[in-house]
Amino acid sequence: MCADRTFDVVIVGSGIAGALIAKKLGLAGRKVLILEAGAKMPPDINGYMQRFYSSNAKVPESPYTPELFTEGKLTNPGTVNAGRPTVLTLKPHDENKFQFGDWKDPNQAYLIQKDSTLPFASTYERINGGTVRHGLGTSLRFVPKDFEMQTRYGRFVDWPLRYDTGPADTRLRGWYEEAEKEIGVSADVKDQEYLGITFDHPYPMPAIPLSLVDTTIAAGISGMKRDDAELKVRSTPAGRNSQPYQDRRVCAGNTNCIPICPIQAKYDPSVTLAAALRTGNVEIWYRTVACDVVVGENNRVSEIKYLQYDDDTGPRTNAGSVSAKVYVVAAHAIETPRLLLMSMDRKGVANSTGLVGKNLMDHPLYLAWALMPEGKPIFPYRGPLSTAGIEDLRDGAFRRERAAFRIEIGNEGWNFPIGDPYTTTLDFINGLNRSRLNDGPKPQALFGADLAKKLNGVLTRQFRLGFLVEQSPEESNRVTLSAEFTDRLGLARPKIAYNLSEYTKKGMAEAKAVASAIFERLGATEFTKEKKDDPTQFEWPTGSGQLIKYYGSGHIVGTYRMGTDKSNSVVNADQRSWDHDNLYLVGSGTFPTVATANPTLTLAALTLRTAEKIEKALN
Amino acid sequence: MTVITRRTVLAGAAATAVGAANVPAPARADDQADMDAFLDISFALTGIAKDKLAPFLDPVDIRQVYFDQARHNPKFNDLLKIWRGPPQATNASVFFDQPDAEIRYLARNIIIAWYLGAWCDPADLAANPPPDPLPYTILSPAAYTQGWAWRVAQAHPMGYSELRFGYWSNQPFALSLLIGGV
């Protein structure tokens with residue numbers, strides 16, 4: 001590597017946003033360098049699969065590096081060069097003793113949350129291909145009113161872009177189509193025309209078929225209404241192949257989209273990254289951690305400094321800097337503000353408004369699970385993790401008062417809520433009742449045909465619903481730099497302050513009510529239950545003693561928002577920094593509001609639009 | 001043929017990745033009788049037909065992983081003796097009637113291995129109450145892919161489907177077809 005080489009564009013991060021820009025500019029003949037903090041892209045995914053298969057805890061991070069465990073304990077993030085959070089560190093905190101996974105323990109948890117009110121529960125990857133590697137593949141468009149929360153509902157802010165109104169340059173509908181082609185989305189237009197979403201063209205592939213879980217729920221809730229909306233089960237647009245596409249296979253229903261599709265029928269950004277590298281104009285440096293965005297003359301970025309290492313927990317092996325005409329930071333919504341804030345001796349870059357790191361959002365997920373009546377199997381653990389959802393409550397007048405949500409129907413039984421089939425199987429073998437399915441006077445310990453029949457009887461009736469709740473943007477929910485804790489390279493780790501607003505909590509409470517209503521309609525027995533010492537929950541209504549648990553959705557959003565002018569945002573509609581005109585900040589960190597759709601498709605659409613803007617700027 | 005190829009690849013990969021499990025040397029030919037008894041015991045414990053647990057054409061050969069794991073336990077020979085009798089046992093209840101708790105835990109671990117590709121520390125099973133959640137160790141990548149808990153659910157291990165596009169829209173194969181007559 002040569003530190004004094006110059007490029008047209010330097011991109012920090014090889015996730016979906018970085019890979020899309022690299023591919024587009026590489027095809028246009030631009031010389032592009034990507035700095036990727038994590039490990040190299042392997043020739044195939046077998047290594048990831050073996051790590052996943054052998055993991056005792058098959059969490060979203062389990063197939064990837066750096067290793068989650070060292071000698072049986074969670075790896076101390078202070079010893080890792082490019083650390084990352086894991087859902088294993090969302091366990092209760094105890095001030096006085098060691099607890100596995102303690103969310104406030106900086107020796108276990110990468111994110112410093114010691115002073116946070118509630119845990120930020122989502123995680124991300126720092127590896128070739130980025131976080132979408134462990135994503136579900138859901139590729140929903142926003143509904144048009146999602147871009148106009150202030151205008152329509154007097155809440156939050158409007159986006160500087162619209163779905164299909166206003167000046168042509170600010171309409172996203174065409175960019176959604178481009179993103180759907182890049183990712184390879186399977187869906188039927190007819191099923192997706194709701195709440196004002198319109199289409200010019202069909203999707204690249206037909207929809208993924210519904211599962212038996214989906215069709216059972218669809219039949220069961222037929223005619224059901226909530227907030228004047230009729231609830232309908234719709235197939236979910238998915239970045240999974242329903243036909244051969246991009247030289248990749250058709251989905252075989254491995255029920256493993258999160259954390260990894262074993263046949264890569266699900267899109268992951270290594271597809272785009274490989275295409276970028278094949279242009280011959282894109283170079284990538286792995287295990288290269290950007291640590292300083294340097295601003296030079298005319299307030300333009302002049303170089304990016306980096307540190308390099310060979311082993312995930314080994315010493316630093318090199319340091320240098322690279323220069324380019326244009327700089328793109330595509331390091332996701334926590335590492336991007338971290339880099340900006342640590343730059344220029346912590347004076348910060350692109351932060352004249354002071355908004356960098358603020359308005360951290362997620363989709364707090366309400367999870368509810370139930371058992372169909374005896375003799376009415378629903379046959380989960382089959383097909384992609386989710387093939388359908390209920391989208392009718394993503395928008396409505398209620399958004400003036402409380403958060404909206406979409407409902408994701410899971411095909412993986414009670415794997416998400418209680419880790420099944422492990423928990424229930426271990427219950428019936430050992431005479432335990434952690435699943436609450438072995439609830440006779442004395443829990444049964446079964447073997448032989450009795451065990452097989454019992455497990456068949458209960459596992460085939462399990463299902464769950466996930467409610468992705470729109471979180472309000474709050475400046476107090478923010479990413480800053482830890483003054484105390486660093487990674488192995490000596491760089492300050494991200495410090496998080498996080499809470500849920502009344503608006504968001506009201507949405508969670510409504511989600512809980514809708515879940516129970518759906519279960520009742522289906523004649524199913526609800527098993528949703530909170531644990532008293534779980535830190536990821538809140539009391540609602542206040543003073544009631546009743547708890548609502550939330551999960552992270554992995555949808556990290558909002559920390560360098562886009563806006564209409566320099567006073568209210570970090571970047572403009574093109575995702576260009578207001579402060580530095582050769583600096584672009586891409587990814588879901590630019591979303592002013594999180595809405596209810598999984599963010600990948602929208603961030604891909606925004607990124608493709610930005611790639612075109614960068615190409616024009618280079619000309 | 002596709003299935004066999006895929007399974008073979010996974011089994012080969014597992015052989016190099018099995019470091020986490022405590023696996024002694026491969027079985028000798030004179031262990032065959034013990035293996036046969038182990039499979040009879042496994043059927044009695046799991047309720048899954050012997051020719052499903054260990055098919056004649058079996059490129060994965062997961063039985064060997066579980067057999068090796070079980071015989072490493074100091075109570076394994078006692079387990080075989082109890083099964084062989086006299087009288088020859090026919091029902092796995094014979095293990096759970098034993099006063100020696102270690103034999104009961106070994107029997108349970110054999111079920112856990114076949115159903116989940118995993119193994120529990122007997123000390124955890126002996127604890128009153130056992131830890132919550134109950135810890136286990138996945139014996140190998142291949143063991144995970146061969147777990148019967150999913151097949152008993154008329155499904156497949158998550159991340160290891162042998163089925164084709166769209167199967168999830170249709171009724172699954174009958175349970176008896178998957179695990180033998182129950």
# chains A, B, ... in the order shown; residues from 1 in each chain; ligands from 1

call {"tool": "select_by_dssp", "arguments": {"residues": "stretch 355-577 of chain A", "states": "alpha helix (DSSP H)", "output": "count of residues only"}}
result
46

call {"tool": "interface_residues", "arguments": {"of": "chain A", "to": "chain B", "cutoff": "6 Å", "atoms": "only C-alpha atoms", "output": "VMD selection string"}}
result
chain A and resid 50 53 to 54 56 210 to 212 251 to 252 254 to 256 381 to 383 447 to 449 456 459 to 460

call {"tool": "write_last_selection", "arguments": {"atoms": "N, CA and C atoms", "output": "PDB file, in the first residue's frame"}}
result
ATOM      1  N   GLN A  50     -19.670 -22.345   9.016  1.00  0.00           N
ATOM      2  CA  GLN A  50     -19.157 -23.249  10.045  1.00  0.00           C
ATOM      3  C   GLN A  50     -19.170 -22.568  11.411  1.00  0.00           C
ATOM      4  N   TYR A  53     -22.872 -22.610  12.491  1.00  0.00           N
ATOM      5  CA  TYR A  53     -23.362 -23.932  12.894  1.00  0.00           C
ATOM      6  C   TYR A  53     -22.837 -24.328  14.271  1.00  0.00           C
ATOM      7  N   SER A  54     -21.590 -23.990  14.548  1.00  0.00           N
ATOM      8  CA  SER A  54     -20.987 -24.453  15.800  1.00  0.00           C
ATOM      9  C   SER A  54     -21.232 -23.497  16.969  1.00  0.00           C
ATOM     10  N   ASN A  56     -22.948 -21.819  20.011  1.00  0.00           N
ATOM     11  CA  ASN A  56     -24.002 -22.152  20.967  1.00  0.00           C
ATOM     12  C   ASN A  56     -25.072 -21.057  20.966  1.00  0.00           C
ATOM     13  N   LEU A 210     -46.295 -17.088   0.166  1.00  0.00           N
ATOM     14  CA  LEU A 210     -46.649 -17.022   1.583  1.00  0.00           C
ATOM     15  C   LEU A 210     -46.432 -18.375   2.247  1.00  0.00           C
ATOM     16  N   SER A 211     -46.152 -18.329   3.530  1.00  0.00           N
ATOM     17  CA  SER A 211     -45.990 -19.571   4.304  1.00  0.00           C
ATOM     18  C   SER A 211     -47.336 -20.030   4.842  1.00  0.00           C
ATOM     19  N   LEU A 212     -47.361 -21.228   5.393  1.00  0.00           N
ATOM     20  CA  LEU A 212     -48.589 -21.705   6.026  1.00  0.00           C
ATOM     21  C   LEU A 212     -48.929 -20.860   7.258  1.00  0.00           C
ATOM     22  N   CYS A 251     -34.168 -18.912  -3.526  1.00  0.00           N
ATOM     23  CA  CYS A 251     -34.352 -19.204  -2.100  1.00  0.00           C
ATOM     24  C   CYS A 251     -34.826 -20.641  -1.897  1.00  0.00           C
ATOM     25  N   ALA A 252     -34.200 -21.326  -0.938  1.00  0.00           N
ATOM     26  CA  ALA A 252     -34.605 -22.698  -0.608  1.00  0.00           C
ATOM     27  C   ALA A 252     -35.251 -22.763   0.767  1.00  0.00           C
ATOM     28  N   ASN A 254     -34.260 -21.693   3.880  1.00  0.00           N
ATOM     29  CA  ASN A 254     -33.407 -22.194   4.960  1.00  0.00           C
ATOM     30  C   ASN A 254     -33.783 -21.651   6.343  1.00  0.00           C
ATOM     31  N   THR A 255     -34.719 -20.686   6.384  1.00  0.00           N
ATOM     32  CA  THR A 255     -35.177 -20.126   7.667  1.00  0.00           C
ATOM     33  C   THR A 255     -33.997 -19.560   8.459  1.00  0.00           C
ATOM     34  N   ASN A 256     -33.118 -18.858   7.744  1.00  0.00           N
ATOM     35  CA  ASN A 256     -31.885 -18.416   8.394  1.00  0.00           C
ATOM     36  C   ASN A 256     -31.387 -17.087   7.798  1.00  0.00           C
ATOM     37  N   TYR A 381     -40.944 -22.875  11.430  1.00  0.00           N
ATOM     38  CA  TYR A 381     -39.565 -23.339  11.175  1.00  0.00           C
ATOM     39  C   TYR A 381     -39.396 -23.750   9.713  1.00  0.00           C
ATOM     40  N   ARG A 382     -40.203 -23.173   8.829  1.00  0.00           N
ATOM     41  CA  ARG A 382     -40.140 -23.523   7.411  1.00  0.00           C
ATOM     42  C   ARG A 382     -40.214 -22.233   6.584  1.00  0.00           C
ATOM     43  N   GLY A 383     -39.408 -22.169   5.543  1.00  0.00           N
ATOM     44  CA  GLY A 383     -39.412 -21.008   4.654  1.00  0.00           C
ATOM     45  C   GLY A 383     -38.485 -19.910   5.164  1.00  0.00           C
ATOM     46  N   PHE A 447     -39.264 -39.402  26.995  1.00  0.00           N
ATOM     47  CA  PHE A 447     -38.301 -40.024  26.084  1.00  0.00           C
ATOM     48  C   PHE A 447     -39.098 -40.883  25.101  1.00  0.00           C
ATOM     49  N   GLY A 448     -38.385 -41.353  24.090  1.00  0.00           N
ATOM     50  CA  GLY A 448     -39.022 -42.248  23.133  1.00  0.00           C
ATOM     51  C   GLY A 448     -40.129 -41.575  22.334  1.00  0.00           C
ATOM     52  N   ALA A 449     -41.085 -42.405  21.903  1.00  0.00           N
ATOM     53  CA  ALA A 449     -42.156 -41.887  21.052  1.00  0.00           C
ATOM     54  C   ALA A 449     -42.966 -40.799  21.748  1.00  0.00           C
ATOM     55  N   ASN A 456     -43.669 -32.658  18.608  1.00  0.00           N
ATOM     56  CA  ASN A 456     -44.384 -32.374  17.356  1.00  0.00           C
ATOM     57  C   ASN A 456     -45.664 -31.586  17.652  1.00  0.00           C
ATOM     58  N   LEU A 459     -44.343 -27.815  18.950  1.00  0.00           N
ATOM     59  CA  LEU A 459     -43.496 -26.993  18.063  1.00  0.00           C
ATOM     60  C   LEU A 459     -44.235 -26.594  16.793  1.00  0.00           C
ATOM     61  N   THR A 460     -45.124 -27.439  16.306  1.00  0.00           N
ATOM     62  CA  THR A 460     -45.826 -27.137  15.052  1.00  0.00           C
ATOM     63  C   THR A 460     -46.951 -26.119  15.228  1.00  0.00           C
TER      64      THR A 460
END

call {"tool": "select_by_dssp", "arguments": {"residues": "stretch 228-287 of chain A", "states": "strand (DSSP E or B)", "output": "PyMOL selection string"}}
result
chain A and resi 229-230+233-235+238+240+245+248+266+282-285

call {"tool": "write_last_selection", "arguments": {"atoms": "C-alpha atoms", "output": "short mmCIF file (atom, residue, chain, number, x, y, z; two decimals), in the first residue's frame"}}
result
data_model
loop_
_atom_site.label_atom_id
_atom_site.label_comp_id
_atom_site.auth_asym_id
_atom_site.auth_seq_id
_atom_site.Cartn_x
_atom_site.Cartn_y
_atom_site.Cartn_z
CA ALA A 229 -58.01 0.22 8.85
CA GLU A 230 -58.76 -3.32 7.75
CA VAL A 233 -51.71 -10.03 5.46
CA ARG A 234 -49.48 -9.03 2.54
CA SER A 235 -46.40 -10.67 1.14
CA ALA A 238 -37.68 -9.24 0.02
CA ARG A 240 -34.27 -12.80 -1.80
CA TYR A 245 -30.90 -13.36 -10.34
CA ARG A 248 -27.35 -16.29 -7.48
CA LYS A 266 -30.62 -13.48 0.04
CA VAL A 282 -12.09 -0.04 -7.16
CA GLU A 283 -9.54 -0.98 -4.56
CA ILE A 284 -10.24 -2.00 -1.00
CA TRP A 285 -7.94 -1.95 2.00
#

call {"tool": "residues_around", "arguments": {"residues": "stretch 152-163 of chain A", "least_positions_apart": "5", "cutoff": "9 Å", "atoms": "only C-alpha atoms", "output": "list of chain:residue names"}}
result
A:Phe142, A:Val143, A:Pro144, A:Lys145, A:Asp146, A:Phe147, A:Asp169, A:Thr170, A:Arg171, A:Leu172, A:Arg173, A:Gly174, A:Ile197, A:Ala397, A:Phe398, A:Arg399, A:Arg400, A:Glu401, A:Ser472, A:Pro473, A:Met562, A:Gly563, A:Thr564, A:Asn572, A:Ala573, A:Phe591, A:Pro592, A:Thr593

call {"tool": "residues_around", "arguments": {"residues": "A:Asn298", "least_positions_apart": "2", "cutoff": "12 Å", "atoms": "only C-alpha atoms", "output": "number ranges by chain"}}
result
A: 295-296, 300-302, 579-582

call {"tool": "write_last_selection", "arguments": {"atoms": "C-alpha atoms", "output": "compact mmCIF listing (two decimals), in the first residue's frame"}}
result
# COMPACT_ATOMS: atom_id res chain seq x y z
CA VAL A 295 -10.16 19.53 6.84
CA GLY A 296 -7.80 21.73 4.85
CA ARG A 300 -12.63 21.06 2.13
CA VAL A 301 -11.59 17.67 3.37
CA SER A 302 -7.95 17.16 2.39
CA ASP A 579 -19.87 22.32 6.03
CA HIS A 580 -17.50 20.58 3.59
CA ASP A 581 -18.59 20.39 -0.02
CA ASN A 582 -16.38 17.42 -0.95
